[in-house]
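Chemist: Mind looking over this structure? Questions follow.
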Amino acid sequence: MDLSDRPDSPGAAPRLRRARLAVVLLFLANALVYANLVPRFPEIRDSMGLSNTAMGAAIAAAPAGALLVGLSAGALGALVGSGRLAVLCGFGFAVVVPLLGLADRWWTLAGLLFLTGALDAVMDSAMNTHGLRVQRGYGRSILSGFHGVWSVGAVAGGLAGTAAAGLGVPLPAQTAAAGVVLALLAAAARPLLLPGSDDADHGPAPASAGADTGDGADTGTGGRAGSGLRTALPVLLLLGLVLVMASVVEDTPASWGAALLRDDYAAPAAAAGLAYVAFQGAMTVGRFTGDRVTDRYGPVAVARAGGLLVAVPVGLALLSGSGAAVVAAFALAGLGAATLFPAALHAAGSIPGVGSGHGVAVVSWLARVGFLAAPPLVGLVGDRVGLRAGVSVVVVAGVLVVLLARVLSPAPVRPGAGAPSA
């Protein structure tokens with residue numbers, strides 16, 4: 001960071017506000033992509049004459065792409081900068097999404113979804129890394145609010161896709177319009193990004209890190225950075241485990257909430273989706289309020305309270321015979337899980353001697369393992385024992401969050417005198 005980019009320099013506050021808006025636009029674009037497509041999946045399946053198995057295999061190409069490519073985000077960000085990388089992914093989506101509307105073969109659909117997953121993984125890491133950089137400039141927590149924007153964007157994208165399907169809008173027209181929106185969001189974000197290296201304001205590694213000090217560690221390049229990453233790997237794995245647990249909590253009401261209410265609580269079809277709606281709604285509220293709560297009580301205390309809000313209500317509801325209790329419990333779980341992703345990403349991006357992009361890429365990749373593994377795990381236990389027992393993995397995840405919360409204590413964020421107050 002040159003002197004003109006320091007938080008206490010003239011013009012730094014407006015620059016940080018612009019960069020904050022850029023990250024908001026990037027989170028919004030990322031959220032719109034998949035949510036906009038999901039409501040049209042049944043139509044895509046039927047138009048190609050695919051079986052459910054074939055369609056499921058095509059959809060699985062997205063997480064496969066994310067897992068295969070996601071770890072490269074740190075190195076790519078070190079080459080071009082996290083903000084630029086996120087913008088490039090946004091433009092990539094603007095090309096791939098319209099092509100999805102034109103896909104007419106299984107292999108084309110699967111290949112494009114693979115690219116979608118790969119772009120999503122890289123963009124997710126890059127926009128969070130740039131968001132962490134903006135947060136360091138502010139000197140207080142703002143990352144949770146970005147994730148709140150993502151939640152709103154996902155709901156908006158889902159509603160747009162549902163409305164387009166209900167109005168009979170041709171799929172190619174919808175995806176072309178989505179591509180234009182994504183390109184506009186990426187183009188609008190580009191000039192607002194912070195200049196310079198992602199880790200110029202990260203701070204040097206401590207003296208005990210030895211060879212991990214200096215420019216190589218700061219930029220995330222060279223052998224010294226690799227050594228720092230290896231040294232920090234146990235902490236990153238624990239942070240990744242926290243996000244795996246958060247993934248289990250977030251995925252279960254989406255994948256199995258409706259089935260649980262229908263099969264075990266005899267809920268009508270109109271009410272079967274309430275567990276997911278309650279969870280997502282509460283989590284969105286929690287993300288928009290999570291920054292202030294985290295600043296006041298600290299990420300460790302908030303995570304421990306969040307783990308309890310997940311484990312205790314869901315555990316009690318699963319022991320009850322009330323579908324309403326299940327819905328209420330998942331609402332509380334949404335509040336509890338709201339700050340886990342921002343807190344873990346902040347901690348991963350604040351480890352001395354490790355480039356922010358590399359730390360965020362590692363834990364983000366591990367989180368995707370959780371999203372991939374959670375649905376079949378719940379289904380397997382549900383088939384063998386019962387769906388209530390399968391969904392109880394959420395309780396286990398909440399307890400583990402409580403036990404692992406200490407690892408969320410990040411390196412101190414240095415406030416700047418010129419940082420904006422809002």
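By order of appearance in the structure tokens: chains A, B, ..., then residues from 1 within every chain, and ligands from 1 in the order shown.
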Could you pull the residues within 6 Å of Leu25 (chain A), counting only C-alpha atoms, minus those fewer than 3 positions along the same chain, as a list of chain:residue names?
Modeler: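 Counting only C-alpha atoms, the residues come to A:Ala22, A:Leu28, A:Leu185.
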Chemist: Would you pick out the contacts of Trp365 (chain A) at 7 Å or less, using only C-alpha atoms, so that residues sharing its chain but fewer than 3 positions from it are not included, and give the list as a PyMOL selection string?
Modeler: chain A and resi 67+70-71+361-362+368-369
Chemist: Generate a file of the selected residues that holds C-alpha atoms, formatted as a JSON list (two decimals), in the first residue's frame.
Modeler:
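Once written, selection29.json looks like this:
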```json
[["chain", "number", "residue", "atom", "x", "y", "z"],
["A", 67, "LEU", "CA", -13.51, -28.39, -5.74],
["A", 70, "GLY", "CA", -11.13, -23.51, -5.95],
["A", 71, "LEU", "CA", -7.67, -23.87, -4.42],
["A", 361, "ALA", "CA", -9.04, -20.03, -0.63],
["A", 362, "VAL", "CA", -8.13, -22.96, 1.62],
["A", 368, "ARG", "CA", -17.49, -26.70, -0.26],
["A", 369, "VAL", "CA", -16.56, -30.19, 0.88]]
```
Chemist: With only C-alpha atoms as the counted atoms, please give the residues lying no more than 8 Å from Gly334 (chain A), apart from itself and same-chain residues fewer than 6 positions off, as a PyMOL selection string.
Modeler: chain A and resi 250+278-284+286+310
Chemist: Produce a file of the selected residues containing all heavy atoms, as a PDB file, in the first residue's frame.
Modeler:
```pdb
ATOM      1  N   GLU A 250     -26.214 -24.978   7.189  1.00  0.00           N
ATOM      2  CA  GLU A 250     -26.886 -24.204   6.149  1.00  0.00           C
ATOM      3  C   GLU A 250     -27.567 -25.111   5.115  1.00  0.00           C
ATOM      4  O   GLU A 250     -28.643 -24.774   4.601  1.00  0.00           O
ATOM      5  CB  GLU A 250     -25.893 -23.279   5.446  1.00  0.00           C
ATOM      6  CG  GLU A 250     -25.411 -22.135   6.326  1.00  0.00           C
ATOM      7  CD  GLU A 250     -24.630 -21.096   5.537  1.00  0.00           C
ATOM      8  OE1 GLU A 250     -24.810 -21.033   4.305  1.00  0.00           O
ATOM      9  OE2 GLU A 250     -23.849 -20.353   6.156  1.00  0.00           O
ATOM     10  N   ALA A 278     -37.669 -20.019   7.026  1.00  0.00           N
ATOM     11  CA  ALA A 278     -37.377 -19.471   8.353  1.00  0.00           C
ATOM     12  C   ALA A 278     -35.876 -19.376   8.578  1.00  0.00           C
ATOM     13  O   ALA A 278     -35.369 -18.377   9.116  1.00  0.00           O
ATOM     14  CB  ALA A 278     -38.023 -20.336   9.429  1.00  0.00           C
ATOM     15  N   PHE A 279     -35.149 -20.416   8.169  1.00  0.00           N
ATOM     16  CA  PHE A 279     -33.691 -20.414   8.345  1.00  0.00           C
ATOM     17  C   PHE A 279     -33.055 -19.282   7.547  1.00  0.00           C
ATOM     18  O   PHE A 279     -32.259 -18.501   8.072  1.00  0.00           O
ATOM     19  CB  PHE A 279     -33.116 -21.761   7.914  1.00  0.00           C
ATOM     20  CG  PHE A 279     -31.619 -21.857   8.061  1.00  0.00           C
ATOM     21  CD1 PHE A 279     -31.055 -22.298   9.250  1.00  0.00           C
ATOM     22  CD2 PHE A 279     -30.776 -21.500   7.023  1.00  0.00           C
ATOM     23  CE1 PHE A 279     -29.677 -22.371   9.395  1.00  0.00           C
ATOM     24  CE2 PHE A 279     -29.399 -21.569   7.158  1.00  0.00           C
ATOM     25  CZ  PHE A 279     -28.854 -22.009   8.351  1.00  0.00           C
ATOM     26  N   GLN A 280     -33.388 -19.181   6.257  1.00  0.00           N
ATOM     27  CA  GLN A 280     -32.770 -18.180   5.404  1.00  0.00           C
ATOM     28  C   GLN A 280     -33.139 -16.760   5.837  1.00  0.00           C
ATOM     29  O   GLN A 280     -32.300 -15.857   5.827  1.00  0.00           O
ATOM     30  CB  GLN A 280     -33.179 -18.405   3.945  1.00  0.00           C
ATOM     31  CG  GLN A 280     -32.472 -19.564   3.277  1.00  0.00           C
ATOM     32  CD  GLN A 280     -30.973 -19.327   3.129  1.00  0.00           C
ATOM     33  OE1 GLN A 280     -30.522 -18.191   3.024  1.00  0.00           O
ATOM     34  NE2 GLN A 280     -30.194 -20.395   3.131  1.00  0.00           N
ATOM     35  N   GLY A 281     -34.401 -16.571   6.205  1.00  0.00           N
ATOM     36  CA  GLY A 281     -34.819 -15.249   6.643  1.00  0.00           C
ATOM     37  C   GLY A 281     -34.080 -14.805   7.893  1.00  0.00           C
ATOM     38  O   GLY A 281     -33.589 -13.672   7.977  1.00  0.00           O
ATOM     39  N   ALA A 282     -33.988 -15.704   8.874  1.00  0.00           N
ATOM     40  CA  ALA A 282     -33.296 -15.363  10.116  1.00  0.00           C
ATOM     41  C   ALA A 282     -31.802 -15.171   9.878  1.00  0.00           C
ATOM     42  O   ALA A 282     -31.177 -14.281  10.473  1.00  0.00           O
ATOM     43  CB  ALA A 282     -33.532 -16.449  11.165  1.00  0.00           C
ATOM     44  N   MET A 283     -31.217 -15.985   9.002  1.00  0.00           N
ATOM     45  CA  MET A 283     -29.788 -15.847   8.738  1.00  0.00           C
ATOM     46  C   MET A 283     -29.488 -14.514   8.048  1.00  0.00           C
ATOM     47  O   MET A 283     -28.466 -13.872   8.330  1.00  0.00           O
ATOM     48  CB  MET A 283     -29.270 -17.002   7.886  1.00  0.00           C
ATOM     49  CG  MET A 283     -27.752 -16.978   7.717  1.00  0.00           C
ATOM     50  SD  MET A 283     -27.057 -18.482   7.028  1.00  0.00           S
ATOM     51  CE  MET A 283     -27.680 -18.372   5.362  1.00  0.00           C
ATOM     52  N   THR A 284     -30.374 -14.084   7.164  1.00  0.00           N
ATOM     53  CA  THR A 284     -30.184 -12.795   6.512  1.00  0.00           C
ATOM     54  C   THR A 284     -30.201 -11.662   7.535  1.00  0.00           C
ATOM     55  O   THR A 284     -29.347 -10.767   7.516  1.00  0.00           O
ATOM     56  CB  THR A 284     -31.278 -12.567   5.453  1.00  0.00           C
ATOM     57  OG1 THR A 284     -31.211 -13.614   4.477  1.00  0.00           O
ATOM     58  CG2 THR A 284     -31.098 -11.229   4.761  1.00  0.00           C
ATOM     59  N   GLY A 286     -29.519 -11.977  10.688  1.00  0.00           N
ATOM     60  CA  GLY A 286     -28.326 -12.146  11.502  1.00  0.00           C
ATOM     61  C   GLY A 286     -27.076 -11.620  10.825  1.00  0.00           C
ATOM     62  O   GLY A 286     -26.169 -11.087  11.486  1.00  0.00           O
ATOM     63  N   VAL A 310     -27.828 -23.114  17.472  1.00  0.00           N
ATOM     64  CA  VAL A 310     -28.059 -24.180  16.498  1.00  0.00           C
ATOM     65  C   VAL A 310     -28.421 -25.491  17.197  1.00  0.00           C
ATOM     66  O   VAL A 310     -29.445 -26.107  16.910  1.00  0.00           O
ATOM     67  CB  VAL A 310     -26.814 -24.376  15.608  1.00  0.00           C
ATOM     68  CG1 VAL A 310     -26.968 -25.636  14.757  1.00  0.00           C
ATOM     69  CG2 VAL A 310     -26.590 -23.165  14.715  1.00  0.00           C
TER      70      VAL A 310
END
```
Chemist: Could you work out how far CA of Ile59 (chain A) lies from CA of Val395 (chain A), giving the answer in Å with one decimal?
Modeler: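 Taking CA of Val395 (chain A) as the start and CA of Ile59 (chain A) as the end point, the length is 28.0 Å.
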Chemist: Looking at only C-alpha atoms, which of A:Val300, A:Ala160, A:Leu132, A:Ala75 is the one that sits closest to Pro39 (chain A)?
Modeler: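 Smallest separation from Pro39 (chain A) among the options: A:Ala160.
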Chemist: Tell me which of A:Val394, A:Leu143, A:Leu32, A:Leu316 sits closest to Ala338 (chain A), counting only C-alpha atoms.
Modeler: A:Leu143
Chemist: With a distance cut-off of 8 Å and only C-alpha atoms, select the neighbouring residues of Met127 (chain A), excluding the residue or stretch itself and same-chain residues fewer than 3 positions from it, and output the selection as a ChimeraX atom specification.
Modeler: /A:23,26-27,82-83,86,123-124,130-131
Chemist: Pick out the closest residue to Leu115 (chain A) from this set: A:Leu159, A:Leu182, A:Cys89, A:Ala189. Count only C-alpha atoms.
Modeler: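 Of A:Leu159, A:Leu182, A:Cys89, A:Ala189, the one nearest Leu115 (chain A), counting only C-alpha atoms, is A:Cys89.
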Chemist: Have a look at CA of Thr289 (chain A) and CA of Leu236 (chain A) and let me know their distance in Å, one decimal.
Modeler: 26.1 Å
Chemist: My list of candidates is A:Ala183, A:Val363, A:Val285, A:Ala272. Which is closest to Val326 (chain A) when distances are computed with only C-alpha atoms?
Modeler: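 Residue with the minimum atom-to-atom distance to Val326 (chain A): A:Ala272.
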Chemist: For Ala178 (chain A), list every protein, DNA or RNA residue within 9 Å, evaluated using only C-alpha atoms, and leave out those in the same chain fewer than 3 positions away; present the list as an MDAnalysis selection string.
Modeler: chainID A and resid 32:33 36 94 97:98 173:175 181:183
Chemist: Please produce an output containing N, CA and C atoms for each residue in the selection, written as a tab-separated table (two decimals), in the first residue's frame.
Modeler:
```tsv
chain	number	residue	atom	x	y	z
A	32	LEU	N	-26.67	-13.86	-7.60
A	32	LEU	CA	-27.71	-13.93	-8.62
A	32	LEU	C	-27.54	-15.12	-9.56
A	33	VAL	N	-26.32	-15.58	-9.76
A	33	VAL	CA	-26.02	-16.55	-10.81
A	33	VAL	C	-26.81	-17.84	-10.63
A	36	ASN	N	-30.71	-17.71	-9.89
A	36	ASN	CA	-31.50	-17.38	-11.07
A	36	ASN	C	-31.77	-18.61	-11.93
A	94	ALA	N	-21.05	-13.66	-17.02
A	94	ALA	CA	-21.87	-12.97	-18.02
A	94	ALA	C	-21.84	-13.69	-19.37
A	97	VAL	N	-23.52	-17.90	-18.30
A	97	VAL	CA	-24.95	-18.01	-17.98
A	97	VAL	C	-25.81	-17.96	-19.25
A	98	PRO	N	-25.60	-17.02	-20.19
A	98	PRO	CA	-26.40	-17.08	-21.42
A	98	PRO	C	-26.20	-18.37	-22.22
A	173	ALA	N	-33.89	-16.16	-23.30
A	173	ALA	CA	-34.09	-14.73	-23.05
A	173	ALA	C	-33.77	-14.39	-21.60
A	174	GLN	N	-34.18	-15.26	-20.67
A	174	GLN	CA	-33.89	-15.00	-19.25
A	174	GLN	C	-32.40	-15.02	-18.98
A	175	THR	N	-31.71	-16.03	-19.50
A	175	THR	CA	-30.28	-16.12	-19.22
A	175	THR	C	-29.50	-15.02	-19.92
A	181	VAL	N	-27.07	-8.21	-16.88
A	181	VAL	CA	-27.04	-7.69	-15.51
A	181	VAL	C	-25.69	-8.00	-14.85
A	182	LEU	N	-25.20	-9.22	-15.03
A	182	LEU	CA	-23.93	-9.61	-14.43
A	182	LEU	C	-22.78	-8.79	-15.00
A	183	ALA	N	-22.81	-8.55	-16.30
A	183	ALA	CA	-21.75	-7.74	-16.92
A	183	ALA	C	-21.79	-6.31	-16.40
```
Chemist: Can you list, as a list of chain:residue names, every protein, DNA or RNA residue that comes within 9 Å of Ala311 (chain A) when you count only C-alpha atoms, leaving out same-chain residues fewer than 2 positions away?
Modeler: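 Here the qualifying residues turn out to be A:Gly306, A:Gly307, A:Leu308, A:Leu309, A:Pro313, A:Val314, A:Gly315, A:Leu316, A:Ala333, A:Ser392, A:Val394, A:Val395, A:Val396, A:Ala397, A:Gly398, A:Val399.
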Chemist: Please produce an output containing C-alpha atoms for each residue in the selection, written as a compact mmCIF listing (two decimals), in the first residue's frame.
Modeler:
```txt
# COMPACT_ATOMS: atom_id res chain seq x y z
CA GLY A 306 -24.33 -19.28 17.71
CA GLY A 307 -23.40 -22.93 18.10
CA LEU A 308 -25.72 -23.18 21.09
CA LEU A 309 -28.50 -21.47 19.11
CA PRO A 313 -33.31 -25.59 19.71
CA VAL A 314 -32.92 -28.07 16.85
CA GLY A 315 -32.18 -30.91 19.26
CA LEU A 316 -35.26 -30.14 21.36
CA ALA A 333 -30.28 -21.90 13.89
CA SER A 392 -29.61 -34.42 13.97
CA VAL A 394 -27.12 -30.25 12.66
CA VAL A 395 -27.03 -30.68 16.43
CA VAL A 396 -23.60 -32.32 16.22
CA ALA A 397 -22.40 -29.49 13.98
CA GLY A 398 -23.59 -26.88 16.48
CA VAL A 399 -21.79 -28.59 19.35
```
